[in-house]
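Peer 1: Have a look at the structure that comes next, please.
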Amino acid sequence: MVRYDKSTADKGSRYVEDRRDGRRGRGGLGGGQRRGGAAVGGIGGLLIILLGAIFGLDLAGGGGGLGQPVDAGFGESSGQIPTGGSEIVDPDADTKEFMKFLMFDIQDTWDGYFDQAGLAYQPTKLVIFDDVVSTGCGQATSAVGPFYCPAPNDQKVYVDFTFYTELSSRFGAPGDFAQAYVIAHEVGHHIQSITGISDQVRQAQAQDPANKNEYSVRQELQADCLAGVWAYSANLRLTEESGQPIIEPGDISEGMEAAAAVGDDRIQAQAGMTVDPHTWTHGSSEQRIRWFRVGFDGGDPEQCDTFSVGDL
C-alpha cells in the first residue's frame, strides 16, 4: 500500500484535470486507507541529458498516432456530480486523490533530476475521462487504455479509471502501486517528449519502417525504466505524518506484476493468438519487468538507454 499525506495530494491538484461527465457510477480501485506522505529528499543520479542525441532519429510515445485534433467540447467536472438538484459523492474520489498525489510526487522527482542537470522541467497533467476524450492527438476512447499525447498543444497523460478495474480483474494486477506504475510509465513518455526522444523515434520509424515496431518496443521499455527510476526515489522517502516509507516491499511486486500483465506476449496468449515478437509494440512481460527493475535498482535515468543496447 502506498502511503501519502493529504497535503501532498493537494499539491497535485493543479496537475489533474477531471473531464468525466458523471453519468456513470463506477467503482474504482481507490479502496483502503492510504496514510502518510512524502518529504522529498535523497534523490540521486543524473538526468538523461537528451538520450535522443544518441540517435539523431525520432521515436513515438504512447498515445501517438491518434489522428487529427478534434474538439469534442468536453468540459471539466467537479468531484460532486449534480443529479436532479442533488449531489452525489464521486465513487472514484479515493482513486482521484491518489492520482493527485502521484502526479505531484512523480513530477517533483523529475523536477529534481532536471534541476541537477541545470535544466527546467516542464510539468504535464493527468486528464481523467469517461469513455471518450478530445486530445491534441485527436479523439480517443477508453479502449486504447491509458496514453500520453505528445502533440505540442497537448502533452498530457489520459486515463479512464475503468482501466484499473480491467488491470485487476482481467490482467490479475491489483493494488495501488500497479496504478502508480501505469501513471509513472505515462509520465515517462512525457520525459521522452520534452527531451526530444519521442521526436527522434518518430523520425527513425519514418526512415526505417521495417523496424517500426522495434523502435516502439525500445521506447516503451525506456518508459518502464523511467517508471522504475521514480519508484527508486519514492522508496527513499518517508511520510511526514507517520515517518514510514511511502512504498512497502510488496508494492514493488505489484508494479512488476502490472508490467508483466501488459506484456505483448501475455496479451497475445490471453487472446488466443500466436505469440509473435515481430508484432510486439511494447515488449514481453520479461522485458518490461527487467527494464522496470533497471530503473528501480539503480535510480539512474542514464541507465534507461534502451536504444543503444543490442539485447533487450
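Letters A, B, ... mark the chains of the C-alpha cells in the order given; residue numbers begin at 1 per chain; ligand numbers begin at 1, in order shown.
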Would you kindly return, as a PDB file with C-alpha atoms, in the first residue's frame, each protein, DNA or RNA residue with an atom no farther than 8 Å from any atom of Thr124 in chain A, considering only C-alpha atoms and excluding same-chain residues fewer than 3 positions away?
Peer 2:
ATOM      1  CA  TYR A  15      -1.781  18.546 -12.306  1.00  0.00           C
ATOM      2  CA  GLN A 155       1.493  16.858 -23.816  1.00  0.00           C
ATOM      3  CA  LYS A 156      -0.855  15.313 -21.252  1.00  0.00           C
ATOM      4  CA  VAL A 157      -1.495  11.861 -19.789  1.00  0.00           C
ATOM      5  CA  VAL A 187       4.864  10.386 -17.363  1.00  0.00           C
ATOM      6  CA  HIS A 190       6.353  12.903 -21.183  1.00  0.00           C
TER       7      HIS A 190
END
Peer 1: Write down as a list in words the residues of range 156-233 of chain A whose backbone DSSP state falls under strand (DSSP E or B).
Peer 2: Lys156, Val157, Tyr158 and Val159 of chain A
Peer 1: Output the selection as a PDB file, in the first residue's frame - N, CA and C atoms for each residue.
Peer 2:
ATOM      1  N   LYS A 156      -0.182  15.731 -22.477  1.00  0.00           N
ATOM      2  CA  LYS A 156      -0.855  15.313 -21.252  1.00  0.00           C
ATOM      3  C   LYS A 156      -1.039  13.802 -21.233  1.00  0.00           C
ATOM      4  N   VAL A 157      -1.214  13.273 -20.018  1.00  0.00           N
ATOM      5  CA  VAL A 157      -1.495  11.861 -19.789  1.00  0.00           C
ATOM      6  C   VAL A 157      -3.012  11.699 -19.655  1.00  0.00           C
ATOM      7  N   TYR A 158      -3.562  10.621 -20.206  1.00  0.00           N
ATOM      8  CA  TYR A 158      -5.002  10.386 -20.173  1.00  0.00           C
ATOM      9  C   TYR A 158      -5.306   9.001 -19.595  1.00  0.00           C
ATOM     10  N   VAL A 159      -6.348   8.923 -18.760  1.00  0.00           N
ATOM     11  CA  VAL A 159      -6.753   7.628 -18.216  1.00  0.00           C
ATOM     12  C   VAL A 159      -8.245   7.630 -17.899  1.00  0.00           C
TER      13      VAL A 159
END
Peer 1: Show me, as a PyMOL selection string, the residues that have an atom within 6 Å of Ile289 in chain A when counting only C-alpha atoms, minus same-chain residues fewer than 2 positions from it.
Peer 2: chain A and resi 256+259+286-287+291-292
Peer 1: I'd like to know which of A:His282, A:Lys212, A:Lys6, A:Arg288 is closest to Glu97 in chain A, using only C-alpha atoms.
Peer 2: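 Looking at the shortest contact to Glu97 in chain A, the residue is A:Lys6.
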Peer 1: Would you pick out the contacts of Ala151 in chain A at 9 Å or less, using only C-alpha atoms, so that residues sharing its chain but fewer than 5 positions from it are not included, and give the list as a PyMOL selection string?
Peer 2: chain A and resi 64+135-137+156+193
Peer 1: Filtering to C-alpha atoms, could you give me those residues as a PDB file, in the first residue's frame?
Peer 2:
ATOM      1  CA  GLY A  64       0.821   8.968 -30.693  1.00  0.00           C
ATOM      2  CA  THR A 135      -6.994  15.467 -27.261  1.00  0.00           C
ATOM      3  CA  GLY A 136      -4.341  17.282 -29.252  1.00  0.00           C
ATOM      4  CA  CYS A 137      -3.705  13.917 -30.950  1.00  0.00           C
ATOM      5  CA  LYS A 156      -0.855  15.313 -21.252  1.00  0.00           C
ATOM      6  CA  SER A 193       8.688  14.044 -25.314  1.00  0.00           C
TER       7      SER A 193
END
Peer 1: I'd like the neighbourhood of Arg14 in chain A as a count of residues only, where a residue qualifies if any of its atoms comes within 10 Å (using only C-alpha atoms), though same-chain residues fewer than 4 positions away should be ignored.
Peer 2: 8
Peer 1: Could you check how far CA of Pro245 in chain A sits from CA of Tyr232 in chain A, in Å to one decimal?
Peer 2: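 Atom-to-atom, CA of Pro245 in chain A to CA of Tyr232 in chain A, that is 11.8 Å.
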Peer 1: Tell me which of A:Asp276, A:Ala258, A:Ser242, A:Asp224 sits closest to Thr306 in chain A, counting only C-alpha atoms.
Peer 2: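 Checking each candidate against Thr306 in chain A, we get A:Asp224 as the closest.
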Peer 1: Quick one: of A:Gln139, A:Asn153, A:Thr239, A:Ser216, who's nearest to Thr279 in chain A, counting only C-alpha atoms?
Peer 2: A:Ser216
Peer 1: Which is closest to Arg170 in chain A among A:Ala261, A:Asp130, A:Tyr4, A:Pro249, if we use only C-alpha atoms?
Peer 2: A:Ala261
Peer 1: Just to confirm, what's the straight-line distance from CA of Gln222 in chain A to CA of Asp176 in chain A in Å (one decimal)?
Peer 2: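 Computing the Euclidean distance for CA of Gln222 in chain A and CA of Asp176 in chain A yields 21.9 Å.
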Peer 1: What gap, in Å, lies between CA of Asp105 in chain A and CA of Ala184 in chain A?
Peer 2: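 The value is 9.8 Å.
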Peer 1: So that I can check the surroundings of range 225-230 of chain A, please list as JSON, numbers by chain every protein, DNA and RNA residue that reaches within 9 Å of it, counting only C-alpha atoms and ignoring chain neighbours fewer than 3 positions away.
Peer 2: {"A": [105, 106, 107, 109, 110, 180, 181, 182, 183, 184, 185, 186, 187, 188, 189, 191, 220, 221, 222, 233, 234, 235, 255, 288, 289, 290, 291, 292, 293, 294, 295, 296, 297, 298, 299, 300, 301, 303, 304, 305, 306]}
Peer 1: Name the closest residue to Tyr164 in chain A among the candidates A:Thr95, A:Tyr215, A:Val133, A:Phe147; distances are taken between atoms, counting only C-alpha atoms.
Peer 2: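 Result for the nearest residue to Tyr164 in chain A: A:Thr95.
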Peer 1: As a list of chain:residue names, please: all residues of range 247-276 of chain A that backbone DSSP puts in helix (DSSP H, G or I).
Peer 2: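 Selecting the helix (DSSP H, G or I) positions of range 247-276 of chain A gives A:Pro249, A:Gly250, A:Asp251, A:Ile252, A:Ser253, A:Glu254, A:Gly255, A:Met256, A:Glu257, A:Ala258, A:Ala259, A:Ala260, A:Ala261, A:Asp264, A:Asp265, A:Arg266, A:Ile267, A:Gln268, A:Ala269, A:Gln270.
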Peer 1: Write a file of the just-selected residues containing N, CA and C atoms, as a JSON list (two decimals), in the first residue's frame.
Peer 2:
[["chain", "number", "residue", "atom", "x", "y", "z"],
["A", 249, "PRO", "N", 7.63, -3.02, 0.65],
["A", 249, "PRO", "CA", 8.27, -4.03, -0.20],
["A", 249, "PRO", "C", 7.30, -4.69, -1.18],
["A", 250, "GLY", "N", 6.09, -4.95, -0.73],
["A", 250, "GLY", "CA", 5.11, -5.60, -1.61],
["A", 250, "GLY", "C", 4.65, -4.73, -2.75],
["A", 251, "ASP", "N", 4.82, -3.41, -2.60],
["A", 251, "ASP", "CA", 4.40, -2.51, -3.67],
["A", 251, "ASP", "C", 5.20, -2.74, -4.95],
["A", 252, "ILE", "N", 6.48, -2.97, -4.81],
["A", 252, "ILE", "CA", 7.32, -3.19, -5.99],
["A", 252, "ILE", "C", 6.88, -4.44, -6.73],
["A", 253, "SER", "N", 6.47, -5.45, -5.97],
["A", 253, "SER", "CA", 5.96, -6.66, -6.61],
["A", 253, "SER", "C", 4.70, -6.36, -7.40],
["A", 254, "GLU", "N", 3.84, -5.50, -6.86],
["A", 254, "GLU", "CA", 2.63, -5.09, -7.58],
["A", 254, "GLU", "C", 3.00, -4.41, -8.89],
["A", 255, "GLY", "N", 4.01, -3.55, -8.84],
["A", 255, "GLY", "CA", 4.43, -2.85, -10.04],
["A", 255, "GLY", "C", 4.95, -3.81, -11.09],
["A", 256, "MET", "N", 5.73, -4.79, -10.67],
["A", 256, "MET", "CA", 6.28, -5.75, -11.63],
["A", 256, "MET", "C", 5.18, -6.66, -12.18],
["A", 257, "GLU", "N", 4.20, -6.98, -11.34],
["A", 257, "GLU", "CA", 3.07, -7.78, -11.82],
["A", 257, "GLU", "C", 2.29, -7.01, -12.87],
["A", 258, "ALA", "N", 2.14, -5.70, -12.66],
["A", 258, "ALA", "CA", 1.44, -4.86, -13.64],
["A", 258, "ALA", "C", 2.23, -4.79, -14.94],
["A", 259, "ALA", "N", 3.55, -4.65, -14.83],
["A", 259, "ALA", "CA", 4.39, -4.60, -16.02],
["A", 259, "ALA", "C", 4.28, -5.91, -16.80],
["A", 260, "ALA", "N", 4.30, -7.03, -16.07],
["A", 260, "ALA", "CA", 4.19, -8.34, -16.72],
["A", 260, "ALA", "C", 2.82, -8.53, -17.34],
["A", 261, "ALA", "N", 1.79, -8.02, -16.67],
["A", 261, "ALA", "CA", 0.42, -8.23, -17.13],
["A", 261, "ALA", "C", 0.16, -7.60, -18.49],
["A", 264, "ASP", "N", 3.36, -7.82, -24.25],
["A", 264, "ASP", "CA", 2.71, -8.20, -25.51],
["A", 264, "ASP", "C", 2.51, -9.71, -25.61],
["A", 265, "ASP", "N", 3.47, -10.49, -25.11],
["A", 265, "ASP", "CA", 3.34, -11.94, -25.21],
["A", 265, "ASP", "C", 2.17, -12.45, -24.38],
["A", 266, "ARG", "N", 2.01, -11.89, -23.18],
["A", 266, "ARG", "CA", 0.91, -12.35, -22.33],
["A", 266, "ARG", "C", -0.44, -11.93, -22.91],
["A", 267, "ILE", "N", -0.51, -10.73, -23.44],
["A", 267, "ILE", "CA", -1.77, -10.26, -24.02],
["A", 267, "ILE", "C", -2.14, -11.10, -25.23],
["A", 268, "GLN", "N", -1.17, -11.43, -26.08],
["A", 268, "GLN", "CA", -1.45, -12.26, -27.25],
["A", 268, "GLN", "C", -1.90, -13.65, -26.82],
["A", 269, "ALA", "N", -1.25, -14.22, -25.82],
["A", 269, "ALA", "CA", -1.61, -15.56, -25.35],
["A", 269, "ALA", "C", -3.02, -15.58, -24.77],
["A", 270, "GLN", "N", -3.35, -14.54, -23.99],
["A", 270, "GLN", "CA", -4.68, -14.46, -23.39],
["A", 270, "GLN", "C", -5.76, -14.33, -24.46]]
